[in-house]
Amino acid sequence: MRRSPNSLVFICFTIFSHALVARADNPLAPALYVFGDSLLDSGNNNFLPTIAKANYLPYGVDFAGGVTGRFTNGKTVADYIAEQLGLPYAPPSMSLLKSGTITGRNYASGSCGILPLTGSEFGKCLNLDDQINLFQKTIEMELQPHLGSSKDLSDYLSNSIFVINIGNNDYGGYLVSYVSKTNLMYTPQAFAQLLKDGLSQRLETLYKLGARKFLVFEIAPIGCMPIFTRIVPHEGPCVEELNQVVSVFNDGLPAMLKQLTTSLQGSTFAVGYGSKLGHDMITNPSKYGLGDTTDPCCIAANNGAWTCIPGFVSCSDSGKHAFWDGMHLTEAIYSTTGTRCFNDSSVCSPTIQQLVQV
């Protein structure tokens, strides 16, 4: 198990990363709230007893704040969305600092998922229920005292943007069983329904807490990740059989979100087609100025199928790589997804631009 740097170092990282993007004079939304896993974690796992951490170099090598706990070389999709909104990067909820910010919070936690036990083999992480409970505490302990009236709180929450990208680790565990043909408790259809039902219930809980504007991303193209391409025989850049398993969930996500928009008065649920875009970038790299879309940029453990080995120098052309380590993408991928999500309906529908105008 890797030792975490002391808390004072984390505090320095946190202060720096929170101040990187100055709040615009007139942001498009009052706040950005982020829920998810390591694709969006901005440092929460730094403060949890888990081996699923990114609190060491070369993680953050291209991030202006250095090592912050982000599982990539630079910024995440949530960071790019914050920039588009004119907001600071959402600070990690588990930060030792009481930030007092009302421009948002990041609750995402690496290795966790929708299902309560996902990621528990690595230690403690924040599953989606934990994240929502922390958000409720944020409302009660920080937002209500700051905003005062219930109307001001309601207006603030109903105009804030809620970004959710979760379920990747749930599927990661499922696909391990699918490939090995051991302990497979669900068919692909039944597992997709299990996750959709669980996600739908938790999105409704966020709605009851005051959230109205949601952006929910698909599960990533897991069959393209080195963690699977290095161990499962396949042709081409991806194990398409595994992507087909995941597509059962992704194909049903738009209808689920449309139903929520219809049934929950005043809500809008946008779909983030991150899997489709990510898959296209990996399988057609020249369209996006990419080169290597199969190998991790950093020196990763387990023959490139795991996380980065601490202290080793990463590749010199991260902007040409799709994968940072065996499971996480580079800033190059996140940049395209986050920026195009703002006004490209083929990536996010409705777009973020449309979502803030609802």
# chains A, B, ... in the order shown; residues from 1 in each chain; ligands from 1
>>> residues_around(residues="region 172-186 of chain A", least_positions_apart="5", cutoff="9 Å", atoms="only C-alpha atoms", output="PyMOL selection string")
chain A and resi 118-119+167+191+222+228+232+242+245-246
>>> select_by_dssp(residues="region 20-185 of chain A", states="strand (DSSP E)", output="PyMOL selection string")
chain A and resi 32-36+104-106+161-165
>>> write_last_selection(atoms="all heavy atoms", output="mmCIF file, in the first residue's frame")
data_model
loop_
_atom_site.group_PDB
_atom_site.id
_atom_site.type_symbol
_atom_site.label_atom_id
_atom_site.label_comp_id
_atom_site.auth_asym_id
_atom_site.auth_seq_id
_atom_site.Cartn_x
_atom_site.Cartn_y
_atom_site.Cartn_z
ATOM 1 N N LEU A 32 -21.728 24.256 -9.502
ATOM 2 C CA LEU A 32 -21.563 22.972 -10.182
ATOM 3 C C LEU A 32 -21.332 21.903 -9.124
ATOM 4 O O LEU A 32 -20.380 21.991 -8.340
ATOM 5 C CB LEU A 32 -20.372 23.026 -11.134
ATOM 6 C CG LEU A 32 -19.967 21.698 -11.793
ATOM 7 C CD1 LEU A 32 -21.055 21.216 -12.744
ATOM 8 C CD2 LEU A 32 -18.639 21.852 -12.529
ATOM 9 N N TYR A 33 -22.203 20.900 -9.104
ATOM 10 C CA TYR A 33 -22.071 19.784 -8.170
ATOM 11 C C TYR A 33 -21.766 18.506 -8.952
ATOM 12 O O TYR A 33 -22.443 18.195 -9.938
ATOM 13 C CB TYR A 33 -23.336 19.637 -7.325
ATOM 14 C CG TYR A 33 -23.453 20.750 -6.306
ATOM 15 C CD1 TYR A 33 -24.218 21.879 -6.568
ATOM 16 C CD2 TYR A 33 -22.740 20.686 -5.116
ATOM 17 C CE1 TYR A 33 -24.279 22.920 -5.648
ATOM 18 C CE2 TYR A 33 -22.795 21.725 -4.193
ATOM 19 C CZ TYR A 33 -23.571 22.837 -4.464
ATOM 20 O OH TYR A 33 -23.612 23.862 -3.558
ATOM 21 N N VAL A 34 -20.744 17.789 -8.506
ATOM 22 C CA VAL A 34 -20.193 16.664 -9.259
ATOM 23 C C VAL A 34 -20.286 15.374 -8.440
ATOM 24 O O VAL A 34 -19.874 15.349 -7.273
ATOM 25 C CB VAL A 34 -18.714 16.934 -9.629
ATOM 26 C CG1 VAL A 34 -18.140 15.773 -10.422
ATOM 27 C CG2 VAL A 34 -18.593 18.251 -10.401
ATOM 28 N N PHE A 35 -20.817 14.332 -9.070
ATOM 29 C CA PHE A 35 -20.954 13.018 -8.438
ATOM 30 C C PHE A 35 -20.378 11.966 -9.390
ATOM 31 O O PHE A 35 -20.575 12.055 -10.596
ATOM 32 C CB PHE A 35 -22.424 12.697 -8.157
ATOM 33 C CG PHE A 35 -23.115 13.706 -7.277
ATOM 34 C CD1 PHE A 35 -23.597 14.904 -7.807
ATOM 35 C CD2 PHE A 35 -23.285 13.469 -5.922
ATOM 36 C CE1 PHE A 35 -24.226 15.843 -7.004
ATOM 37 C CE2 PHE A 35 -23.920 14.399 -5.111
ATOM 38 C CZ PHE A 35 -24.389 15.594 -5.651
ATOM 39 N N GLY A 36 -19.667 10.983 -8.831
ATOM 40 C CA GLY A 36 -19.137 9.976 -9.727
ATOM 41 C C GLY A 36 -18.006 9.163 -9.142
ATOM 42 O O GLY A 36 -17.929 8.945 -7.929
ATOM 43 N N GLY A 104 -20.142 25.279 -5.642
ATOM 44 C CA GLY A 104 -20.193 23.875 -5.977
ATOM 45 C C GLY A 104 -19.280 23.023 -5.124
ATOM 46 O O GLY A 104 -18.512 23.515 -4.295
ATOM 47 N N ARG A 105 -19.378 21.725 -5.343
ATOM 48 C CA ARG A 105 -18.591 20.754 -4.587
ATOM 49 C C ARG A 105 -18.463 19.486 -5.425
ATOM 50 O O ARG A 105 -19.353 19.145 -6.199
ATOM 51 C CB ARG A 105 -19.305 20.442 -3.265
ATOM 52 C CG ARG A 105 -18.457 19.757 -2.205
ATOM 53 C CD ARG A 105 -17.366 20.638 -1.646
ATOM 54 N NE ARG A 105 -17.870 21.835 -1.018
ATOM 55 C CZ ARG A 105 -18.230 21.929 0.268
ATOM 56 N NH1 ARG A 105 -18.162 20.873 1.042
ATOM 57 N NH2 ARG A 105 -18.636 23.080 0.750
ATOM 58 N N ASN A 106 -17.360 18.808 -5.258
ATOM 59 C CA ASN A 106 -17.134 17.548 -5.954
ATOM 60 C C ASN A 106 -17.168 16.408 -4.934
ATOM 61 O O ASN A 106 -16.400 16.410 -3.982
ATOM 62 C CB ASN A 106 -15.768 17.590 -6.668
ATOM 63 C CG ASN A 106 -15.525 16.374 -7.544
ATOM 64 O OD1 ASN A 106 -15.827 15.246 -7.178
ATOM 65 N ND2 ASN A 106 -14.952 16.613 -8.718
ATOM 66 N N ILE A 161 -25.936 23.270 -11.736
ATOM 67 C CA ILE A 161 -25.756 22.142 -12.641
ATOM 68 C C ILE A 161 -25.217 20.949 -11.856
ATOM 69 O O ILE A 161 -24.254 21.074 -11.086
ATOM 70 C CB ILE A 161 -24.784 22.489 -13.786
ATOM 71 C CG1 ILE A 161 -25.279 23.722 -14.551
ATOM 72 C CG2 ILE A 161 -24.609 21.293 -14.719
ATOM 73 C CD1 ILE A 161 -26.616 23.547 -15.238
ATOM 74 N N PHE A 162 -25.814 19.776 -12.069
ATOM 75 C CA PHE A 162 -25.426 18.549 -11.384
ATOM 76 C C PHE A 162 -24.899 17.562 -12.428
ATOM 77 O O PHE A 162 -25.639 17.119 -13.308
ATOM 78 C CB PHE A 162 -26.612 17.950 -10.627
ATOM 79 C CG PHE A 162 -27.029 18.776 -9.441
ATOM 80 C CD1 PHE A 162 -27.749 19.956 -9.609
ATOM 81 C CD2 PHE A 162 -26.688 18.385 -8.152
ATOM 82 C CE1 PHE A 162 -28.112 20.742 -8.519
ATOM 83 C CE2 PHE A 162 -27.045 19.154 -7.056
ATOM 84 C CZ PHE A 162 -27.758 20.338 -7.239
ATOM 85 N N VAL A 163 -23.624 17.241 -12.326
ATOM 86 C CA VAL A 163 -22.969 16.335 -13.270
ATOM 87 C C VAL A 163 -22.738 14.987 -12.603
ATOM 88 O O VAL A 163 -22.192 14.930 -11.490
ATOM 89 C CB VAL A 163 -21.634 16.920 -13.759
ATOM 90 C CG1 VAL A 163 -20.879 15.900 -14.606
ATOM 91 C CG2 VAL A 163 -21.875 18.194 -14.559
ATOM 92 N N ILE A 164 -23.159 13.923 -13.270
ATOM 93 C CA ILE A 164 -23.028 12.566 -12.724
ATOM 94 C C ILE A 164 -22.368 11.669 -13.758
ATOM 95 O O ILE A 164 -22.824 11.587 -14.906
ATOM 96 C CB ILE A 164 -24.409 11.980 -12.337
ATOM 97 C CG1 ILE A 164 -25.082 12.826 -11.253
ATOM 98 C CG2 ILE A 164 -24.254 10.532 -11.858
ATOM 99 C CD1 ILE A 164 -26.074 13.833 -11.794
ATOM 100 N N ASN A 165 -21.295 11.019 -13.371
ATOM 101 C CA ASN A 165 -20.642 10.006 -14.219
ATOM 102 C C ASN A 165 -20.239 8.861 -13.304
ATOM 103 O O ASN A 165 -19.200 8.907 -12.643
ATOM 104 C CB ASN A 165 -19.426 10.588 -14.927
ATOM 105 C CG ASN A 165 -18.859 9.638 -15.973
ATOM 106 O OD1 ASN A 165 -19.175 8.453 -15.995
ATOM 107 N ND2 ASN A 165 -18.010 10.158 -16.853
#
>>> select_by_dssp(residues="region 122-338 of chain A", states="alpha helix (DSSP H)", output="VMD selection string")
chain A and resid 128 to 138 144 to 147 150 to 159 168 to 180 188 to 208 226 to 229 240 to 263 274 to 283 301 to 304 331 to 338
>>> closest_atom_pairs(of="region 123-193 of chain A", to="region 209-219 of chain A", cutoff="9 Å", atoms="only C-alpha atoms", output="tab-separated table")
residue	atom	partner	partner_atom	distance
A:Phe135	CA	A:Leu209	CA	8.9
A:Gln136	CA	A:Leu209	CA	7.2
A:Ile139	CA	A:Leu209	CA	8.5
A:Leu153	CA	A:Gly210	CA	8.4
A:Ser154	CA	A:Gly210	CA	6.3
A:Asp155	CA	A:Gly210	CA	8.8
A:Tyr156	CA	A:Gly210	CA	8.9
A:Leu157	CA	A:Ala211	CA	5.5
A:Ser158	CA	A:Arg212	CA	4.9
A:Asn159	CA	A:Lys213	CA	6.9
A:Ser160	CA	A:Lys213	CA	6.7
A:Ile161	CA	A:Lys213	CA	5.3
A:Phe162	CA	A:Phe214	CA	4.8
A:Val163	CA	A:Leu215	CA	4.8
A:Ile164	CA	A:Val216	CA	4.8
A:Asn165	CA	A:Phe217	CA	5.0
A:Ile166	CA	A:Ile219	CA	7.1
A:Gly167	CA	A:Ile219	CA	6.3
A:Asn168	CA	A:Ile219	CA	5.5
A:Tyr171	CA	A:Ile219	CA	8.2
>>> closest_residue(among="A:Val356, A:Leu126, A:Ala31, A:Ala78", to="Leu143 (chain A)", atoms="only C-alpha atoms")
A:Ala31
>>> closest_residue(among="A:Tyr273, A:Tyr107, A:Phe342, A:Tyr56", to="Ser42 (chain A)", atoms="only C-alpha atoms")
A:Tyr107
